[in-house]
Amino acid sequence: MKIDFTLNGEQREIDVTPMSRLLDVLRCDFELTGSKEGCGEGECGACTVFVDGKAVNSCLIPVAQMQGREVRTVESLASNEMLSDVQQALIKFGGTQCGICTPGIAMMASAALEAEPNASRARMRELMAGNLCRCTGYQLIIDAVISAAEARRRHG
Amino acid sequence: MLRLQPFELVQPESIGEVLQLLSTHAEHVRIISGGTDLVPNLKLGSIKGDVLVSLQRVDELKNLKEADTQLVIGAGVSLHTIATSKLVQGTVPVLADAVGKIASPQIRNMGTLGGNLCLDTRCRYINQSEFIRSSFGGCLKSDGDRCHVVPGGSLCVAALSSDSVPVLIALGADVDIIGPEGERTIPVEELYTKDGVAHIALSSDEVVVRARVPIPAAQTRITYRKWAVRKSIDFPLVSVAVRIDHIKGSPDILEDGRVVVGVLGPQPKILRLSSLQGQPINEEMAHKVAGIVSRRCTPLANVPYSEDYRKLRLAVEVKRAIRSLFI
Ligand SMILES: Cc1cc2nc3c(=O)[nH]c(=O)nc-3n(C[C@H](O)[C@H](O)[C@H](O)COP(=O)(O)OP(=O)(O)OC[C@H]3O[C@@H](n4cnc5c(N)ncnc54)[C@H](O)[C@@H]3O)c2cc1C
Ligand code: SF4
Ligand code: FES
Ligand code: FES
């Protein structure tokens, strides 16, 4: 079946089998391999993308559900070859090690900062609770996100 | 990696079209709403679906409003909306709290109330790949002829694992259901049967349209306790909603109450506290109610963690729930 949707700001059309998952279509058909498959069952958040501005697990979405929707992937976070503030903070604080969780973390952290820019550290942990990381122990990830939030507040 | 089996997906835009599609594709037709329960189950092959009828474009199902003394929540309203809506937090905070404990932020953005009400039952012998299930010959809920949790049992006892259901029952909520014959309304507890294979008392051409939640009066206090290994993502392993109604003008004397326990079998267990009417709401009552719940509830080996631990834990959660409701 043919579906069209907006992908990272561009209108795209694609012929797919309805049961392909959004994650597979992004990775295989559009070669946007930033989104990762960690678990394939909604537990790890490595596949997090935005659909109509909301963070979701792309591994749980049959792509046919995307007709007419607006999809954003981790590839859209950087602009003009410049990583976003959240991505830079993750690097600076060591919030990324092996990197498999990082695209999902960067996406979810970006969504969390948009939704609740003044979230406390404890609240930020809750907002990031759908993303598993096997390497960092989370501390450095939360440090990075909180520092990005503070920087946004400082620079208005 | 497990692959999804082929299916067709249709996206109707009205309830009328949904009903029509459900009756024309009777074989292996499935409703898909947020898909967060259905998609993993389709992958595991524990549910088969050749045609999925999507509710995502049916705007009629997405209303959330206050009407008289009720909160009316469409089946298509997302869990995120319920957990964060000022209206829900202001009128029925316990529901916002319970729904906010479901899974993760991403899943709450996708999952809906309808899907949470109709969530499939869970069991360690069914939430496995076909390959693993075949190693013990399947079971009543898959391709086998026996139950491994209750050997010799003729009914599947997989566990109701929804976080909203115990709270909705404690609140006395109803659901509206629509089918080819029109609309009907039933109390939430009547949506569930004793058989974990088909625990939703709907026929395949019926749809849950909305829940009607009575806004609790001032003398009603309700709380929800969930225990799981991790604070997020995990399904509940112990879940209990406790409702205490005190006598008007005497905030520490019990008028009535009920305890609704999930994650036992396919049906939620409802225990009424009318025998304690007139007694003070205090530590002694917390112990009494925990005793009643312990005697009447038997966690089974269907979900992870030992049954003995979950039984003790349930009593502890009941005590904590009641303590949190003292004034
Ligand atoms: C990692 C993970 C963790 C989870 N943790 C929890 C948890 O802690 N607590 C919890 O309660 N749930 C949990 N869930 C399950 C699920 O995410 C939620 O229950 C969610 O509310 C399901 O809603 P949905 O819209 O995605 O349902 P779907 O997957 O779309 O549907 C679920 C079932 O309901 C039926 N259905 C859906 N809508 C209707 C309707 N209107 N009328 C009739 N039938 C309908 C479908 O046919 C299907 O059988 C978890 C899921 C995952 C993947
Ligand atoms: S309770 Fe028994 S029949 Fe039901 S899923 Fe578990 S093992 Fe299978
Ligand atoms: S791959 Fe989607 S949540 Fe793990
Ligand atoms: S950096 Fe390795 S899983 Fe998070």
# chains A, B, ... in the order shown; residues from 1 in each chain; ligands from 1
>>> residues_near_ligand(ligand="ligand 3", cutoff="9 Å", atoms="only C-alpha atoms and all ligand atoms", output="list in words")
Leu23, Ser35, Lys36, Glu37, Gly38, Cys39, Gly40, Glu41, Gly42, Glu43, Cys44, Gly45, Ala46, Cys47, Thr48, Val56, Asn57, Ser58, Cys59, Leu60, Gly104, Gly130, Asn131 and Leu132 of chain A; Gln106 of chain B
>>> residues_near_ligand(ligand="ligand 4", cutoff="8 Å", atoms="only C-alpha atoms and all ligand atoms", output="list in words")
Gly95, Thr96, Gln97, Cys98, Gly99, Ile100, Cys101, Thr102, Leu132, Cys133, Arg134, Cys135 and Thr136 of chain A
>>> write_last_selection(atoms="C-alpha atoms", output="mmCIF file, in the first residue's frame")
data_model
loop_
_atom_site.group_PDB
_atom_site.id
_atom_site.type_symbol
_atom_site.label_atom_id
_atom_site.label_comp_id
_atom_site.auth_asym_id
_atom_site.auth_seq_id
_atom_site.Cartn_x
_atom_site.Cartn_y
_atom_site.Cartn_z
ATOM 1 C CA GLY A 95 26.083 10.730 28.829
ATOM 2 C CA THR A 96 26.904 8.378 25.985
ATOM 3 C CA GLN A 97 29.170 5.345 25.960
ATOM 4 C CA CYS A 98 28.445 2.505 23.546
ATOM 5 C CA GLY A 99 25.841 4.775 21.967
ATOM 6 C CA ILE A 100 23.017 2.389 21.183
ATOM 7 C CA CYS A 101 20.598 4.111 23.547
ATOM 8 C CA THR A 102 21.816 7.593 22.683
ATOM 9 C CA LEU A 132 17.090 2.111 29.123
ATOM 10 C CA CYS A 133 20.855 2.489 29.103
ATOM 11 C CA ARG A 134 23.141 -0.435 29.927
ATOM 12 C CA CYS A 135 26.346 1.591 30.098
ATOM 13 C CA THR A 136 26.224 4.971 31.779
#
>>> closest_atom_pairs(of="chain B", to="chain A", cutoff="12 Å", atoms="only C-alpha atoms", output="tab-separated table")
residue	atom	partner	partner_atom	distance
B:Met1	CA	A:Gly40	CA	8.1
B:Leu2	CA	A:Gly40	CA	8.3
B:Arg3	CA	A:Ser20	CA	8.9
B:Leu4	CA	A:Met19	CA	6.5
B:Gln5	CA	A:Met19	CA	7.3
B:Pro6	CA	A:Met19	CA	5.9
B:Phe7	CA	A:Met19	CA	6.0
B:Glu8	CA	A:Pro18	CA	6.1
B:Leu9	CA	A:Pro18	CA	6.2
B:Val10	CA	A:Ala64	CA	8.3
B:Gln11	CA	A:Gln65	CA	7.8
B:Pro12	CA	A:Gln65	CA	11.3
B:Ile32	CA	A:Gln65	CA	9.8
B:Ser33	CA	A:Gln65	CA	9.8
B:Gly34	CA	A:Ile61	CA	8.3
B:Gly35	CA	A:Leu60	CA	6.7
B:Thr36	CA	A:Leu60	CA	6.1
B:Asp37	CA	A:Leu60	CA	8.8
B:Leu38	CA	A:Leu60	CA	8.9
B:Val39	CA	A:Leu60	CA	5.9
B:Pro40	CA	A:Glu41	CA	5.8
B:Asn41	CA	A:Glu41	CA	9.4
B:Leu42	CA	A:Met19	CA	10.4
B:Lys43	CA	A:Glu41	CA	8.9
B:Leu44	CA	A:Glu41	CA	10.1
B:Gly49	CA	A:Met19	CA	10.9
B:Asp50	CA	A:Met19	CA	10.3
B:Val51	CA	A:Pro18	CA	10.4
B:Leu52	CA	A:Pro18	CA	10.0
B:Val53	CA	A:Gln65	CA	10.5
B:Ser54	CA	A:Gln65	CA	7.7
B:Leu55	CA	A:Gln65	CA	9.8
B:Gln56	CA	A:Gln65	CA	7.7
B:Arg57	CA	A:Gln65	CA	9.1
B:Ser78	CA	A:Lys54	CA	11.3
B:His80	CA	A:Lys54	CA	10.1
B:Thr81	CA	A:Lys54	CA	11.6
B:Thr84	CA	A:Ala115	CA	11.4
B:Gly100	CA	A:Glu126	CA	10.3
B:Lys101	CA	A:Glu126	CA	10.1
B:Ile102	CA	A:Gly130	CA	10.6
B:Ala103	CA	A:Gly130	CA	7.5
B:Ser104	CA	A:Gly130	CA	4.5
B:Pro105	CA	A:Gly130	CA	6.1
B:Gln106	CA	A:Val56	CA	4.4
B:Ile107	CA	A:Val56	CA	6.5
B:Arg108	CA	A:Val56	CA	8.5
B:Asn109	CA	A:Val56	CA	6.4
B:Met110	CA	A:Val56	CA	6.5
B:Gly111	CA	A:Val56	CA	9.8
B:Asn127	CA	A:Glu41	CA	11.4
B:Gln128	CA	A:Glu41	CA	11.8
B:Arg230	CA	A:Ala129	CA	9.9
B:Lys231	CA	A:Ala129	CA	8.5
B:Ser232	CA	A:Ala129	CA	6.0
B:Ile233	CA	A:Glu43	CA	6.4
B:Asp234	CA	A:Glu43	CA	8.4
B:Phe235	CA	A:Glu43	CA	10.9
>>> residues_around(residues="Ile292 (chain B)", least_positions_apart="2", cutoff="10 Å", atoms="only C-alpha atoms", output="PDB file with N, CA and C atoms, in the first residue's frame")
ATOM      1  N   VAL B 259     -12.373  -2.860  48.070  1.00  0.00           N
ATOM      2  CA  VAL B 259     -10.994  -3.079  47.657  1.00  0.00           C
ATOM      3  C   VAL B 259     -11.068  -3.829  46.332  1.00  0.00           C
ATOM      4  N   LEU B 271     -13.750  -6.745  46.753  1.00  0.00           N
ATOM      5  CA  LEU B 271     -14.110  -7.084  48.129  1.00  0.00           C
ATOM      6  C   LEU B 271     -14.824  -5.886  48.738  1.00  0.00           C
ATOM      7  N   ARG B 272     -16.029  -6.121  49.225  1.00  0.00           N
ATOM      8  CA  ARG B 272     -16.786  -5.000  49.808  1.00  0.00           C
ATOM      9  C   ARG B 272     -16.524  -4.936  51.308  1.00  0.00           C
ATOM     10  N   LEU B 273     -16.471  -3.729  51.836  1.00  0.00           N
ATOM     11  CA  LEU B 273     -16.117  -3.567  53.249  1.00  0.00           C
ATOM     12  C   LEU B 273     -17.329  -3.205  54.101  1.00  0.00           C
ATOM     13  N   HIS B 287      -5.245  -3.108  59.396  1.00  0.00           N
ATOM     14  CA  HIS B 287      -4.880  -4.508  59.628  1.00  0.00           C
ATOM     15  C   HIS B 287      -6.032  -5.449  59.291  1.00  0.00           C
ATOM     16  N   LYS B 288      -7.232  -5.053  59.709  1.00  0.00           N
ATOM     17  CA  LYS B 288      -8.396  -5.907  59.428  1.00  0.00           C
ATOM     18  C   LYS B 288      -8.600  -6.093  57.931  1.00  0.00           C
ATOM     19  N   VAL B 289      -8.531  -4.980  57.202  1.00  0.00           N
ATOM     20  CA  VAL B 289      -8.788  -5.073  55.756  1.00  0.00           C
ATOM     21  C   VAL B 289      -7.677  -5.898  55.090  1.00  0.00           C
ATOM     22  N   ALA B 290      -6.436  -5.679  55.528  1.00  0.00           N
ATOM     23  CA  ALA B 290      -5.339  -6.464  54.949  1.00  0.00           C
ATOM     24  C   ALA B 290      -5.581  -7.950  55.207  1.00  0.00           C
ATOM     25  N   SER B 294      -6.001 -10.796  52.357  1.00  0.00           N
ATOM     26  CA  SER B 294      -5.112 -11.958  52.346  1.00  0.00           C
ATOM     27  C   SER B 294      -5.902 -13.263  52.310  1.00  0.00           C
ATOM     28  N   ARG B 295      -6.965 -13.313  53.108  1.00  0.00           N
ATOM     29  CA  ARG B 295      -7.751 -14.556  53.134  1.00  0.00           C
ATOM     30  C   ARG B 295      -8.446 -14.818  51.812  1.00  0.00           C
ATOM     31  N   ARG B 296      -8.879 -13.750  51.138  1.00  0.00           N
ATOM     32  CA  ARG B 296      -9.724 -13.949  49.960  1.00  0.00           C
ATOM     33  C   ARG B 296      -8.967 -13.927  48.626  1.00  0.00           C
ATOM     34  N   CYS B 297      -7.707 -13.517  48.630  1.00  0.00           N
ATOM     35  CA  CYS B 297      -6.991 -13.380  47.359  1.00  0.00           C
ATOM     36  C   CYS B 297      -5.810 -14.342  47.296  1.00  0.00           C
ATOM     37  N   ALA B 315      -0.872  -7.615  51.032  1.00  0.00           N
ATOM     38  CA  ALA B 315      -1.354  -7.186  52.355  1.00  0.00           C
ATOM     39  C   ALA B 315      -0.669  -5.888  52.770  1.00  0.00           C
TER      40      ALA B 315
END
>>> select_by_dssp(residues="region 59-127 of chain B", states="alpha helix (DSSP H)", output="mmCIF file with C-alpha atoms, in the first residue's frame")
data_model
loop_
_atom_site.group_PDB
_atom_site.id
_atom_site.type_symbol
_atom_site.label_atom_id
_atom_site.label_comp_id
_atom_site.auth_asym_id
_atom_site.auth_seq_id
_atom_site.Cartn_x
_atom_site.Cartn_y
_atom_site.Cartn_z
ATOM 1 C CA LEU B 79 -3.037 7.594 28.532
ATOM 2 C CA HIS B 80 -0.798 10.673 28.494
ATOM 3 C CA THR B 81 -3.826 12.933 28.177
ATOM 4 C CA ILE B 82 -5.604 11.198 31.055
ATOM 5 C CA ALA B 83 -2.540 11.329 33.303
ATOM 6 C CA THR B 84 -1.798 15.000 32.639
ATOM 7 C CA LYS B 86 -6.085 19.283 34.543
ATOM 8 C CA LEU B 87 -9.718 18.162 34.338
ATOM 9 C CA VAL B 88 -8.919 14.575 35.353
ATOM 10 C CA GLN B 89 -6.384 15.642 37.991
ATOM 11 C CA GLY B 90 -8.930 18.054 39.437
ATOM 12 C CA THR B 91 -11.965 15.747 39.485
ATOM 13 C CA PRO B 93 -6.961 12.516 40.750
ATOM 14 C CA VAL B 94 -6.619 8.803 41.552
ATOM 15 C CA LEU B 95 -7.285 7.937 37.902
ATOM 16 C CA ALA B 96 -4.634 10.389 36.660
ATOM 17 C CA ASP B 97 -2.239 8.867 39.195
ATOM 18 C CA ALA B 98 -2.916 5.229 38.225
ATOM 19 C CA VAL B 99 -2.713 5.937 34.484
ATOM 20 C CA GLY B 100 0.507 7.912 35.042
ATOM 21 C CA PRO B 105 6.085 8.260 28.664
ATOM 22 C CA GLN B 106 6.393 7.016 25.073
ATOM 23 C CA ILE B 107 3.855 4.231 25.608
ATOM 24 C CA ARG B 108 1.466 6.584 27.390
ATOM 25 C CA ASN B 109 1.621 8.843 24.326
ATOM 26 C CA MET B 110 0.527 5.926 22.112
ATOM 27 C CA LEU B 113 -7.993 3.995 27.530
ATOM 28 C CA GLY B 114 -9.881 1.530 25.277
ATOM 29 C CA GLY B 115 -6.710 -0.519 24.829
ATOM 30 C CA ASN B 116 -6.003 -0.440 28.555
ATOM 31 C CA LEU B 117 -9.508 -1.721 29.335
#
>>> residues_around(residues="Ile141 (chain A)", least_positions_apart="6", cutoff="9 Å", atoms="only C-alpha atoms", output="PyMOL selection string")
chain A and resi 89-90+93-96+105
>>> residues_near_ligand(ligand="ligand 2", cutoff="10 Å", atoms="only C-alpha atoms and all ligand atoms", output="PyMOL selection string")
chain B and resi 46+121-127+133+136+138-159+195-197+265-266+300-303
>>> atom_distance(atom1="CA of His246 (chain B)", atom2="CA of Met285 (chain B)")
12.9 Å
